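Chemist: This one is target_36.cif, mmCIF, C-alpha atoms.
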data_data
loop_
_atom_site.group_PDB
_atom_site.id
_atom_site.type_symbol
_atom_site.label_atom_id
_atom_site.label_comp_id
_atom_site.auth_asym_id
_atom_site.auth_seq_id
_atom_site.Cartn_x
_atom_site.Cartn_y
_atom_site.Cartn_z
ATOM 1 C CA MET A 1 167.808 97.845 136.223
ATOM 2 C CA SER A 2 170.581 97.567 133.639
ATOM 3 C CA TYR A 3 170.263 97.571 129.866
ATOM 4 C CA ASP A 4 172.401 97.858 126.766
ATOM 5 C CA VAL A 5 172.934 101.615 126.452
ATOM 6 C CA ALA A 6 174.380 101.370 122.954
ATOM 7 C CA ALA A 7 171.413 99.332 121.736
ATOM 8 C CA VAL A 8 168.950 101.826 123.172
ATOM 9 C CA ARG A 9 170.818 104.831 121.767
ATOM 10 C CA ALA A 10 170.847 103.213 118.328
ATOM 11 C CA GLN A 11 167.048 103.447 118.246
ATOM 12 C CA PHE A 12 167.123 107.273 118.351
ATOM 13 C CA PRO A 13 167.798 108.670 114.865
ATOM 14 C CA ALA A 14 168.319 112.198 116.222
ATOM 15 C CA LEU A 15 171.407 111.079 118.147
ATOM 16 C CA ARG A 16 173.254 110.142 114.968
ATOM 17 C CA SER A 17 174.220 113.796 114.557
ATOM 18 C CA GLY A 18 176.460 113.480 117.594
ATOM 19 C CA THR A 19 174.608 116.178 119.503
ATOM 20 C CA ALA A 20 174.010 115.681 123.221
ATOM 21 C CA HIS A 21 170.568 116.892 124.273
ATOM 22 C CA PHE A 22 170.204 118.247 127.807
ATOM 23 C CA ASP A 23 167.116 120.393 127.229
ATOM 24 C CA GLY A 24 164.674 118.513 129.487
ATOM 25 C CA PRO A 25 162.128 121.368 129.509
ATOM 26 C CA GLY A 26 162.235 121.302 125.717
ATOM 27 C CA GLY A 27 161.188 117.661 125.540
ATOM 28 C CA THR A 28 162.830 114.446 124.398
ATOM 29 C CA GLN A 29 164.037 112.896 121.176
ATOM 30 C CA VAL A 30 161.920 110.035 119.834
ATOM 31 C CA PRO A 31 162.971 106.445 119.136
ATOM 32 C CA GLU A 32 162.452 104.961 115.710
ATOM 33 C CA PRO A 33 159.390 102.836 116.721
ATOM 34 C CA VAL A 34 157.553 106.016 117.717
ATOM 35 C CA ALA A 35 158.357 107.772 114.455
ATOM 36 C CA ARG A 36 157.360 104.659 112.523
ATOM 37 C CA ALA A 37 154.011 104.421 114.345
ATOM 38 C CA VAL A 38 153.272 108.061 113.511
ATOM 39 C CA ALA A 39 154.205 107.653 109.850
ATOM 40 C CA GLU A 40 152.351 104.377 109.365
ATOM 41 C CA THR A 41 149.172 105.737 110.906
ATOM 42 C CA LEU A 42 149.377 108.987 108.956
ATOM 43 C CA THR A 43 149.707 107.108 105.665
ATOM 44 C CA SER A 44 147.205 104.362 106.440
ATOM 45 C CA SER A 45 143.640 104.075 105.222
ATOM 46 C CA ILE A 46 141.896 105.881 108.057
ATOM 47 C CA ALA A 47 138.722 107.870 108.657
ATOM 48 C CA ASN A 48 136.712 109.337 111.505
ATOM 49 C CA ARG A 49 136.064 106.912 114.339
ATOM 50 C CA GLY A 50 133.418 104.248 113.906
ATOM 51 C CA ARG A 51 132.976 100.463 113.710
ATOM 52 C CA THR A 52 131.508 100.069 110.209
ATOM 53 C CA THR A 53 134.400 100.307 107.745
ATOM 54 C CA ALA A 54 137.986 99.171 108.171
ATOM 55 C CA ALA A 55 139.147 102.795 108.069
ATOM 56 C CA GLU A 56 136.737 103.732 110.861
ATOM 57 C CA ARG A 57 137.778 100.773 112.964
ATOM 58 C CA ARG A 58 141.446 101.639 112.511
ATOM 59 C CA ALA A 59 140.823 105.142 113.849
ATOM 60 C CA ASP A 60 138.754 103.882 116.761
ATOM 61 C CA ASP A 61 141.280 101.188 117.667
ATOM 62 C CA THR A 62 144.086 103.753 117.576
ATOM 63 C CA VAL A 63 142.284 105.982 120.076
ATOM 64 C CA LEU A 64 141.344 103.130 122.386
ATOM 65 C CA ALA A 65 144.899 101.772 122.331
ATOM 66 C CA ALA A 66 146.304 105.178 123.264
ATOM 67 C CA ARG A 67 143.842 105.540 126.127
ATOM 68 C CA ALA A 68 144.847 102.089 127.396
ATOM 69 C CA ALA A 69 148.551 102.899 127.096
ATOM 70 C CA MET A 70 148.262 106.144 129.042
ATOM 71 C CA ALA A 71 146.076 104.450 131.627
ATOM 72 C CA ASP A 72 148.831 101.875 132.141
ATOM 73 C CA LEU A 73 151.452 104.607 132.408
ATOM 74 C CA LEU A 74 149.489 106.612 134.976
ATOM 75 C CA ALA A 75 147.623 103.789 136.779
ATOM 76 C CA ALA A 76 144.419 105.453 135.683
ATOM 77 C CA ASP A 77 141.114 104.420 134.139
ATOM 78 C CA PRO A 78 141.269 104.527 130.312
ATOM 79 C CA ARG A 79 137.752 105.977 130.330
ATOM 80 C CA GLY A 80 139.183 109.029 132.058
ATOM 81 C CA ILE A 81 142.007 109.721 129.597
ATOM 82 C CA VAL A 82 141.473 112.897 127.582
ATOM 83 C CA PHE A 83 143.725 113.914 124.675
ATOM 84 C CA GLY A 84 144.412 117.453 123.532
ATOM 85 C CA ARG A 85 146.858 119.661 121.674
ATOM 86 C CA SER A 86 149.062 120.144 124.738
ATOM 87 C CA ALA A 87 148.970 119.949 128.521
ATOM 88 C CA THR A 88 148.686 123.741 128.526
ATOM 89 C CA SER A 89 145.651 123.794 126.252
ATOM 90 C CA LEU A 90 143.976 121.044 128.288
ATOM 91 C CA THR A 91 144.551 123.000 131.487
ATOM 92 C CA PHE A 92 143.040 126.114 129.916
ATOM 93 C CA ASP A 93 140.011 124.099 128.764
ATOM 94 C CA LEU A 94 139.618 122.477 132.177
ATOM 95 C CA SER A 95 139.982 125.783 134.031
ATOM 96 C CA ARG A 96 137.237 127.402 131.984
ATOM 97 C CA THR A 97 134.931 124.445 132.552
ATOM 98 C CA LEU A 98 135.461 124.404 136.310
ATOM 99 C CA ALA A 99 135.255 128.188 136.611
ATOM 100 C CA ALA A 100 131.691 128.084 135.321
ATOM 101 C CA GLY A 101 130.771 126.857 138.795
ATOM 102 C CA TRP A 102 132.892 129.355 140.762
ATOM 103 C CA ARG A 103 131.424 132.425 142.385
ATOM 104 C CA PRO A 104 132.832 135.670 143.825
ATOM 105 C CA GLY A 105 134.484 134.851 147.130
ATOM 106 C CA ASP A 106 135.547 131.388 146.046
ATOM 107 C CA GLU A 107 139.286 130.761 146.190
ATOM 108 C CA VAL A 108 141.832 129.112 143.900
ATOM 109 C CA VAL A 109 145.315 128.218 145.129
ATOM 110 C CA VAL A 110 148.403 128.218 142.897
ATOM 111 C CA THR A 111 152.124 128.044 143.693
ATOM 112 C CA ARG A 112 155.226 130.035 142.862
ATOM 113 C CA LEU A 113 157.059 126.763 142.161
ATOM 114 C CA ASP A 114 154.872 125.849 139.197
ATOM 115 C CA HIS A 115 155.429 126.390 135.513
ATOM 116 C CA ASP A 116 153.102 129.141 134.303
ATOM 117 C CA ALA A 117 151.109 126.490 132.415
ATOM 118 C CA ASN A 118 149.683 125.390 135.772
ATOM 119 C CA VAL A 119 149.293 128.937 137.071
ATOM 120 C CA ARG A 120 148.011 131.345 134.429
ATOM 121 C CA PRO A 121 145.026 129.238 133.250
ATOM 122 C CA TRP A 122 143.738 129.109 136.834
ATOM 123 C CA VAL A 123 144.441 132.788 137.487
ATOM 124 C CA ILE A 124 142.623 133.862 134.330
ATOM 125 C CA ALA A 125 139.670 131.585 135.075
ATOM 126 C CA ALA A 126 139.476 132.841 138.664
ATOM 127 C CA GLU A 127 139.535 136.465 137.565
ATOM 128 C CA ALA A 128 136.746 135.833 135.066
ATOM 129 C CA ALA A 129 134.617 134.242 137.794
ATOM 130 C CA GLY A 130 135.420 136.862 140.404
ATOM 131 C CA ALA A 131 137.207 134.273 142.533
ATOM 132 C CA THR A 132 140.228 135.060 144.702
ATOM 133 C CA VAL A 133 143.686 133.692 143.881
ATOM 134 C CA ARG A 134 145.896 132.621 146.770
ATOM 135 C CA TRP A 135 149.610 132.013 146.297
ATOM 136 C CA VAL A 136 151.841 129.395 147.920
ATOM 137 C CA GLY A 137 155.522 130.199 148.162
ATOM 138 C CA PHE A 138 158.441 127.807 148.603
ATOM 139 C CA ASP A 139 161.683 127.867 150.542
ATOM 140 C CA PRO A 140 164.217 129.699 148.330
ATOM 141 C CA ASP A 141 167.133 128.054 150.151
ATOM 142 C CA THR A 142 166.001 124.449 149.739
ATOM 143 C CA GLY A 143 163.580 124.782 146.832
ATOM 144 C CA GLU A 144 161.042 122.767 148.821
ATOM 145 C CA LEU A 145 157.283 123.284 148.920
ATOM 146 C CA THR A 146 155.522 121.469 151.780
ATOM 147 C CA ALA A 147 151.988 120.417 152.597
ATOM 148 C CA ASP A 148 152.030 122.910 155.452
ATOM 149 C CA ASP A 149 152.835 125.673 152.966
ATOM 150 C CA VAL A 150 149.748 124.752 150.980
ATOM 151 C CA ALA A 151 147.566 124.275 154.070
ATOM 152 C CA GLU A 152 148.186 127.884 155.107
ATOM 153 C CA GLN A 153 146.243 129.030 152.040
ATOM 154 C CA LEU A 154 143.305 126.642 152.345
ATOM 155 C CA GLY A 155 139.860 127.512 153.634
ATOM 156 C CA GLU A 156 136.193 126.702 153.365
ATOM 157 C CA ARG A 157 135.923 128.691 150.110
ATOM 158 C CA THR A 158 138.850 126.897 148.411
ATOM 159 C CA ARG A 159 137.609 125.314 145.196
ATOM 160 C CA LEU A 160 140.800 124.132 143.531
ATOM 161 C CA VAL A 161 144.504 123.777 144.302
ATOM 162 C CA ALA A 162 147.062 123.463 141.484
ATOM 163 C CA VAL A 163 150.519 122.070 142.266
ATOM 164 C CA THR A 164 153.347 120.745 140.123
ATOM 165 C CA GLY A 165 154.381 117.102 140.398
ATOM 166 C CA ALA A 166 157.995 118.134 139.792
ATOM 167 C CA SER A 167 159.501 121.496 138.942
ATOM 168 C CA ASN A 168 160.977 121.494 135.435
ATOM 169 C CA LEU A 169 163.400 124.203 136.551
ATOM 170 C CA ILE A 170 164.884 122.941 139.834
ATOM 171 C CA GLY A 171 163.469 119.415 140.108
ATOM 172 C CA THR A 172 161.589 119.847 143.391
ATOM 173 C CA ARG A 173 158.957 117.149 143.960
ATOM 174 C CA PRO A 174 156.282 118.352 146.406
ATOM 175 C CA PRO A 175 154.653 115.679 148.647
ATOM 176 C CA LEU A 176 151.579 115.291 146.473
ATOM 177 C CA ALA A 177 149.720 112.655 148.494
ATOM 178 C CA GLU A 178 150.105 114.685 151.673
ATOM 179 C CA ILE A 179 148.994 117.862 149.912
ATOM 180 C CA ALA A 180 146.032 116.021 148.372
ATOM 181 C CA ALA A 181 144.836 114.950 151.818
ATOM 182 C CA ARG A 182 144.882 118.569 153.012
ATOM 183 C CA VAL A 183 143.106 119.773 149.863
ATOM 184 C CA HIS A 184 140.389 117.139 150.007
ATOM 185 C CA ALA A 185 139.834 117.807 153.724
ATOM 186 C CA VAL A 186 138.441 121.236 152.812
ATOM 187 C CA GLY A 187 136.393 119.814 149.941
ATOM 188 C CA ALA A 188 138.531 121.228 147.122
ATOM 189 C CA LEU A 189 139.805 119.651 143.917
ATOM 190 C CA PHE A 190 143.493 118.933 143.335
ATOM 191 C CA ALA A 191 145.068 119.532 139.908
ATOM 192 C CA VAL A 192 148.593 118.231 139.353
ATOM 193 C CA ASP A 193 150.879 119.293 136.511
ATOM 194 C CA GLY A 194 152.743 116.055 135.853
ATOM 195 C CA VAL A 195 154.527 117.145 132.685
ATOM 196 C CA HIS A 196 157.979 116.927 134.227
ATOM 197 C CA LEU A 197 157.224 114.213 136.815
ATOM 198 C CA THR A 198 155.928 111.599 134.366
ATOM 199 C CA ALA A 199 159.253 111.339 132.576
ATOM 200 C CA HIS A 200 161.204 110.683 135.766
ATOM 201 C CA ALA A 201 159.106 108.575 138.137
ATOM 202 C CA PRO A 202 156.344 105.954 138.088
ATOM 203 C CA VAL A 203 152.950 107.630 138.481
ATOM 204 C CA ASP A 204 149.897 106.252 140.283
ATOM 205 C CA LEU A 205 146.981 108.630 139.931
ATOM 206 C CA GLY A 206 145.131 107.220 142.918
ATOM 207 C CA ALA A 207 148.151 107.119 145.211
ATOM 208 C CA LEU A 208 149.005 110.730 144.386
ATOM 209 C CA GLY A 209 145.473 111.842 145.210
ATOM 210 C CA ALA A 210 145.221 113.943 142.060
ATOM 211 C CA ASP A 211 141.730 114.702 140.820
ATOM 212 C CA PHE A 212 143.203 115.981 137.553
ATOM 213 C CA TYR A 213 146.617 115.069 136.194
ATOM 214 C CA THR A 214 148.117 116.527 133.022
ATOM 215 C CA CYS A 215 151.205 115.411 131.118
ATOM 216 C CA SER A 216 152.770 115.549 127.658
ATOM 217 C CA PRO A 217 154.020 112.517 125.713
ATOM 218 C CA TYR A 218 156.782 114.566 124.092
ATOM 219 C CA LYS A 219 158.432 114.622 127.522
ATOM 220 C CA PHE A 220 158.740 110.834 127.565
ATOM 221 C CA LEU A 221 159.859 109.930 124.031
ATOM 222 C CA GLY A 222 156.517 110.533 122.345
ATOM 223 C CA PRO A 223 154.992 113.076 119.944
ATOM 224 C CA HIS A 224 153.708 116.548 120.753
ATOM 225 C CA CYS A 225 150.241 116.292 122.285
ATOM 226 C CA GLY A 226 148.698 116.526 125.742
ATOM 227 C CA VAL A 227 146.979 114.153 128.151
ATOM 228 C CA LEU A 228 144.550 114.795 130.984
ATOM 229 C CA ALA A 229 143.743 111.942 133.367
ATOM 230 C CA ALA A 230 140.858 111.941 135.841
ATOM 231 C CA ALA A 231 138.245 109.605 137.266
ATOM 232 C CA PRO A 232 135.454 109.085 134.713
ATOM 233 C CA ALA A 233 132.855 109.784 137.427
ATOM 234 C CA LEU A 234 134.401 113.202 138.069
ATOM 235 C CA LEU A 235 134.491 114.031 134.357
ATOM 236 C CA GLU A 236 130.809 113.089 134.142
ATOM 237 C CA THR A 237 129.999 115.987 136.486
ATOM 238 C CA LEU A 238 131.592 118.562 134.165
ATOM 239 C CA ARG A 239 129.986 120.145 131.121
ATOM 240 C CA PRO A 240 132.624 121.699 128.840
ATOM 241 C CA ALA A 241 131.682 123.928 125.938
ATOM 242 C CA LYS A 242 131.539 121.845 122.769
ATOM 243 C CA LEU A 243 129.955 121.591 119.335
ATOM 244 C CA LEU A 244 126.461 120.140 119.073
ATOM 245 C CA PRO A 245 127.493 117.158 116.915
ATOM 246 C CA SER A 246 130.419 116.315 119.190
ATOM 247 C CA PRO A 247 129.957 113.221 121.380
ATOM 248 C CA ASP A 248 128.492 113.840 124.821
ATOM 249 C CA ALA A 249 130.128 110.764 126.324
ATOM 250 C CA VAL A 250 133.153 110.892 128.617
ATOM 251 C CA PRO A 251 135.982 111.365 127.768
ATOM 252 C CA GLU A 252 135.050 112.404 124.215
ATOM 253 C CA ARG A 253 133.043 115.436 125.380
ATOM 254 C CA PHE A 254 136.350 117.063 126.392
ATOM 255 C CA GLU A 255 138.117 116.466 123.064
ATOM 256 C CA LEU A 256 137.477 119.248 120.576
ATOM 257 C CA GLY A 257 137.304 118.066 116.988
ATOM 258 C CA THR A 258 138.922 115.057 115.355
ATOM 259 C CA LEU A 259 141.833 113.638 117.293
ATOM 260 C CA PRO A 260 145.323 113.413 115.714
ATOM 261 C CA TYR A 261 145.352 109.660 115.271
ATOM 262 C CA GLU A 262 148.978 109.553 114.191
ATOM 263 C CA LEU A 263 150.094 111.277 117.408
ATOM 264 C CA LEU A 264 148.029 108.911 119.516
ATOM 265 C CA ALA A 265 149.660 105.957 117.766
ATOM 266 C CA GLY A 266 153.032 107.509 118.554
ATOM 267 C CA THR A 267 151.993 107.918 122.188
ATOM 268 C CA THR A 268 151.157 104.231 122.445
ATOM 269 C CA ALA A 269 154.492 103.359 120.847
ATOM 270 C CA ALA A 270 156.334 105.580 123.348
ATOM 271 C CA VAL A 271 154.708 103.863 126.326
ATOM 272 C CA ASP A 272 155.472 100.461 124.797
ATOM 273 C CA PHE A 273 159.079 101.495 124.247
ATOM 274 C CA LEU A 274 159.486 102.532 127.876
ATOM 275 C CA ALA A 275 157.876 99.347 129.133
ATOM 276 C CA GLY A 276 160.129 97.364 126.807
ATOM 277 C CA LEU A 277 163.227 98.630 128.617
ATOM 278 C CA SER A 278 162.370 96.270 131.463
ATOM 279 C CA PRO A 279 163.732 92.749 130.906
ATOM 280 C CA THR A 280 161.252 91.203 133.352
ATOM 281 C CA PRO A 281 157.971 89.664 132.164
ATOM 282 C CA GLY A 282 154.564 91.007 133.097
ATOM 283 C CA THR A 283 151.944 93.431 131.912
ATOM 284 C CA ARG A 284 152.925 96.732 130.334
ATOM 285 C CA ARG A 285 152.087 98.482 133.596
ATOM 286 C CA GLU A 286 154.205 96.058 135.648
ATOM 287 C CA ARG A 287 157.153 96.341 133.276
ATOM 288 C CA TRP A 288 156.955 100.144 133.366
ATOM 289 C CA TRP A 289 157.212 100.123 137.158
ATOM 290 C CA ARG A 290 160.231 97.803 137.005
ATOM 291 C CA ARG A 291 162.113 99.708 134.349
#
Once you've parsed the file, please lay out its structure as structure tokens.

Modeler:
Amino acid sequence: MSYDVAAVRAQFPALRSGTAHFDGPGGTQVPEPVARAVAETLTSSIANRGRTTAAERRADDTVLAARAAMADLLAADPRGIVFGRSATSLTFDLSRTLAAGWRPGDEVVVTRLDHDANVRPWVIAAEAAGATVRWVGFDPDTGELTADDVAEQLGERTRLVAVTGASNLIGTRPPLAEIAARVHAVGALFAVDGVHLTAHAPVDLGALGADFYTCSPYKFLGPHCGVLAAAPALLETLRPAKLLPSPDAVPERFELGTLPYELLAGTTAAVDFLAGLSPTPGTRRERWWRR
């Protein structure tokens, strides 16, 4: 696909300084529509979510729109989109919730290719539950991590396997669908850190075989927050720690406190911006895949 580079660059205020940004692990700059969506939401008449007053409806609509946008981006169910402070914090929350069902002798598999955000939360949770941590290495000459590498660490006591979708250091993209098949064959769950992958390739949650998929909008032109995607039916089986007055419905039961509505509006704007780079007609999801 081709597009007017100058026209696209003109929409990024940060580039007017003349600085070239190559810090992929540090995130992306944001286009003006994203900044405008954040500012307009932050300064609008808004309240806690509800359907009674206009302010309540604005908050509720903002959340629902962001869930729909991320569902389009990840080919996921909007009812399974959870928002949080960061992908790291969501992984910590998820690890603690899952670990409540782990027992001594259970096993958790992590890799030496992953960012620590998809390693340490699982290691800490495993240690607290008395579970065993198994490590998957990768080929230092090629940087590759294969399904066979993962399979060597799987067994009947494996409860969860955590693998990166793409290394933010060397760019390696493990064969996620193949790994998922091996993981599910032993009855374990598969958690994918998609923070770096989401910015560089179309994502289909079902095709990847990920039970849990985390990413961060600030990696793909959006604001700083985190996203967890999973099947609503799977989330229904989990009981995270939460406040008594907090909703018990999925996905709200996983979101601690009031959501940052302005950041969710910016997330929707970022997904719309990416989809808008495609000149072909179609749904937002279709345009994203054709970008």

Chemist: Point out the residue among A:Ala71, A:Val8, A:Val108, A:Ala147 with the least atom-to-atom distance to Ala129 in chain A, counting all atoms listed in the file.

Modeler: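 The answer is A:Val108, which sits nearest to Ala129 in chain A.
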
Chemist: Nearest to Glu32 in chain A among A:Pro13, A:Gly18, A:Gly222, A:Pro121, with distances taken over all atoms listed in the file: which residue is it?

Modeler: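 Checking each of A:Pro13, A:Gly18, A:Gly222, A:Pro121 against Glu32 in chain A, counting all atoms listed in the file, the winner is A:Pro13.
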
Chemist: Would you work out the distance separating CA of Pro174 in chain A from CA of Pro217 in chain A, expressed in Å to one decimal?

Modeler: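 Taking CA of Pro174 in chain A and CA of Pro217 in chain A, their separation equals 21.6 Å.
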
Chemist: Give as a VMD selection string the residues that the PyMOL selection byres ((chain A and resi 93) around 10) matches when applied to the coordinates above.

Modeler: chain A and resid 84 87 to 92 94 to 98 121 125 240 to 241 254 to 256

Chemist: Let me know the residues the PyMOL selection byres ((chain A and resi 163) around 12) catches in the file above, as a PDB file with C-alpha atoms, keeping the file's coordinate frame.

Modeler:
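Contents of selection_10.pdb, as written:
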ATOM      1  CA  VAL A 108     141.832 129.112 143.900  1.00  0.00           C
ATOM      2  CA  VAL A 109     145.315 128.218 145.129  1.00  0.00           C
ATOM      3  CA  VAL A 110     148.403 128.218 142.897  1.00  0.00           C
ATOM      4  CA  THR A 111     152.124 128.044 143.693  1.00  0.00           C
ATOM      5  CA  ARG A 112     155.226 130.035 142.862  1.00  0.00           C
ATOM      6  CA  LEU A 113     157.059 126.763 142.161  1.00  0.00           C
ATOM      7  CA  ASP A 114     154.872 125.849 139.197  1.00  0.00           C
ATOM      8  CA  HIS A 115     155.429 126.390 135.513  1.00  0.00           C
ATOM      9  CA  ASP A 116     153.102 129.141 134.303  1.00  0.00           C
ATOM     10  CA  ALA A 117     151.109 126.490 132.415  1.00  0.00           C
ATOM     11  CA  ASN A 118     149.683 125.390 135.772  1.00  0.00           C
ATOM     12  CA  VAL A 119     149.293 128.937 137.071  1.00  0.00           C
ATOM     13  CA  TRP A 122     143.738 129.109 136.834  1.00  0.00           C
ATOM     14  CA  TRP A 135     149.610 132.013 146.297  1.00  0.00           C
ATOM     15  CA  VAL A 136     151.841 129.395 147.920  1.00  0.00           C
ATOM     16  CA  GLY A 137     155.522 130.199 148.162  1.00  0.00           C
ATOM     17  CA  PHE A 138     158.441 127.807 148.603  1.00  0.00           C
ATOM     18  CA  LEU A 145     157.283 123.284 148.920  1.00  0.00           C
ATOM     19  CA  THR A 146     155.522 121.469 151.780  1.00  0.00           C
ATOM     20  CA  ALA A 147     151.988 120.417 152.597  1.00  0.00           C
ATOM     21  CA  ASP A 149     152.835 125.673 152.966  1.00  0.00           C
ATOM     22  CA  VAL A 150     149.748 124.752 150.980  1.00  0.00           C
ATOM     23  CA  LEU A 160     140.800 124.132 143.531  1.00  0.00           C
ATOM     24  CA  VAL A 161     144.504 123.777 144.302  1.00  0.00           C
ATOM     25  CA  ALA A 162     147.062 123.463 141.484  1.00  0.00           C
ATOM     26  CA  THR A 164     153.347 120.745 140.123  1.00  0.00           C
ATOM     27  CA  GLY A 165     154.381 117.102 140.398  1.00  0.00           C
ATOM     28  CA  ALA A 166     157.995 118.134 139.792  1.00  0.00           C
ATOM     29  CA  SER A 167     159.501 121.496 138.942  1.00  0.00           C
ATOM     30  CA  THR A 172     161.589 119.847 143.391  1.00  0.00           C
ATOM     31  CA  ARG A 173     158.957 117.149 143.960  1.00  0.00           C
ATOM     32  CA  PRO A 174     156.282 118.352 146.406  1.00  0.00           C
ATOM     33  CA  PRO A 175     154.653 115.679 148.647  1.00  0.00           C
ATOM     34  CA  LEU A 176     151.579 115.291 146.473  1.00  0.00           C
ATOM     35  CA  ALA A 177     149.720 112.655 148.494  1.00  0.00           C
ATOM     36  CA  GLU A 178     150.105 114.685 151.673  1.00  0.00           C
ATOM     37  CA  ILE A 179     148.994 117.862 149.912  1.00  0.00           C
ATOM     38  CA  ALA A 180     146.032 116.021 148.372  1.00  0.00           C
ATOM     39  CA  VAL A 183     143.106 119.773 149.863  1.00  0.00           C
ATOM     40  CA  LEU A 189     139.805 119.651 143.917  1.00  0.00           C
ATOM     41  CA  PHE A 190     143.493 118.933 143.335  1.00  0.00           C
ATOM     42  CA  ALA A 191     145.068 119.532 139.908  1.00  0.00           C
ATOM     43  CA  VAL A 192     148.593 118.231 139.353  1.00  0.00           C
ATOM     44  CA  ASP A 193     150.879 119.293 136.511  1.00  0.00           C
ATOM     45  CA  GLY A 194     152.743 116.055 135.853  1.00  0.00           C
ATOM     46  CA  VAL A 195     154.527 117.145 132.685  1.00  0.00           C
ATOM     47  CA  LEU A 197     157.224 114.213 136.815  1.00  0.00           C
ATOM     48  CA  LEU A 208     149.005 110.730 144.386  1.00  0.00           C
ATOM     49  CA  GLY A 209     145.473 111.842 145.210  1.00  0.00           C
ATOM     50  CA  ALA A 210     145.221 113.943 142.060  1.00  0.00           C
ATOM     51  CA  ASP A 211     141.730 114.702 140.820  1.00  0.00           C
ATOM     52  CA  PHE A 212     143.203 115.981 137.553  1.00  0.00           C
ATOM     53  CA  TYR A 213     146.617 115.069 136.194  1.00  0.00           C
ATOM     54  CA  THR A 214     148.117 116.527 133.022  1.00  0.00           C
TER      55      THR A 214
END

Chemist: Might you spell out which residues the PyMOL selection byres ((chain A and resi 203) around 8) would select in the displayed file, as a list in words?

Modeler: Leu73, Leu74, Ala75, Thr198, Ala201, Pro202, Asp204, Leu205 and Leu208 of chain A

Chemist: Of the residues A:Ala231, A:Ala207, A:Ala66, A:Ala188, which is the one nearest to Trp102 in chain A, using all atoms listed in the file?

Modeler: A:Ala188

Chemist: What would the list of residues within 12 Å of (148.2, 103.3, 128.4) (file frame) look like as an NGL selection string, if only C-alpha atoms are what count?

Modeler: :A and (62-82 or 203 or 217 or 227 or 229 or 264-275 or 283-286 or 288)

Chemist: For the point (164.1, 107.9, 117.4) in file coordinates, what residues are within 7 Å, counting only C-alpha atoms? Give the answer as a compact mmCIF listing (two decimals) with C-alpha atoms, in the coordinates of the input?

Modeler:
# COMPACT_ATOMS: atom_id res chain seq x y z
CA GLN A 11 167.05 103.45 118.25
CA PHE A 12 167.12 107.27 118.35
CA PRO A 13 167.80 108.67 114.86
CA ALA A 14 168.32 112.20 116.22
CA GLN A 29 164.04 112.90 121.18
CA VAL A 30 161.92 110.04 119.83
CA PRO A 31 162.97 106.44 119.14
CA GLU A 32 162.45 104.96 115.71
CA PRO A 33 159.39 102.84 116.72
CA VAL A 34 157.55 106.02 117.72
CA ALA A 35 158.36 107.77 114.46

Chemist: Around range 211-230 of chain A, with edges along x, y and z and 8 Å added on all six sides, what centre and edge lengths do you get, in Å to one decimal, as lines of an AutoDock Vina configuration file?

Modeler:
center_x = 150.4
center_y = 113.2
center_z = 130.4
size_x = 35.0
size_y = 22.6
size_z = 36.9

Chemist: Distance CA of Thr28 in chain A-CA of Pro223 in chain A, one decimal place?

Modeler: 9.1 Å
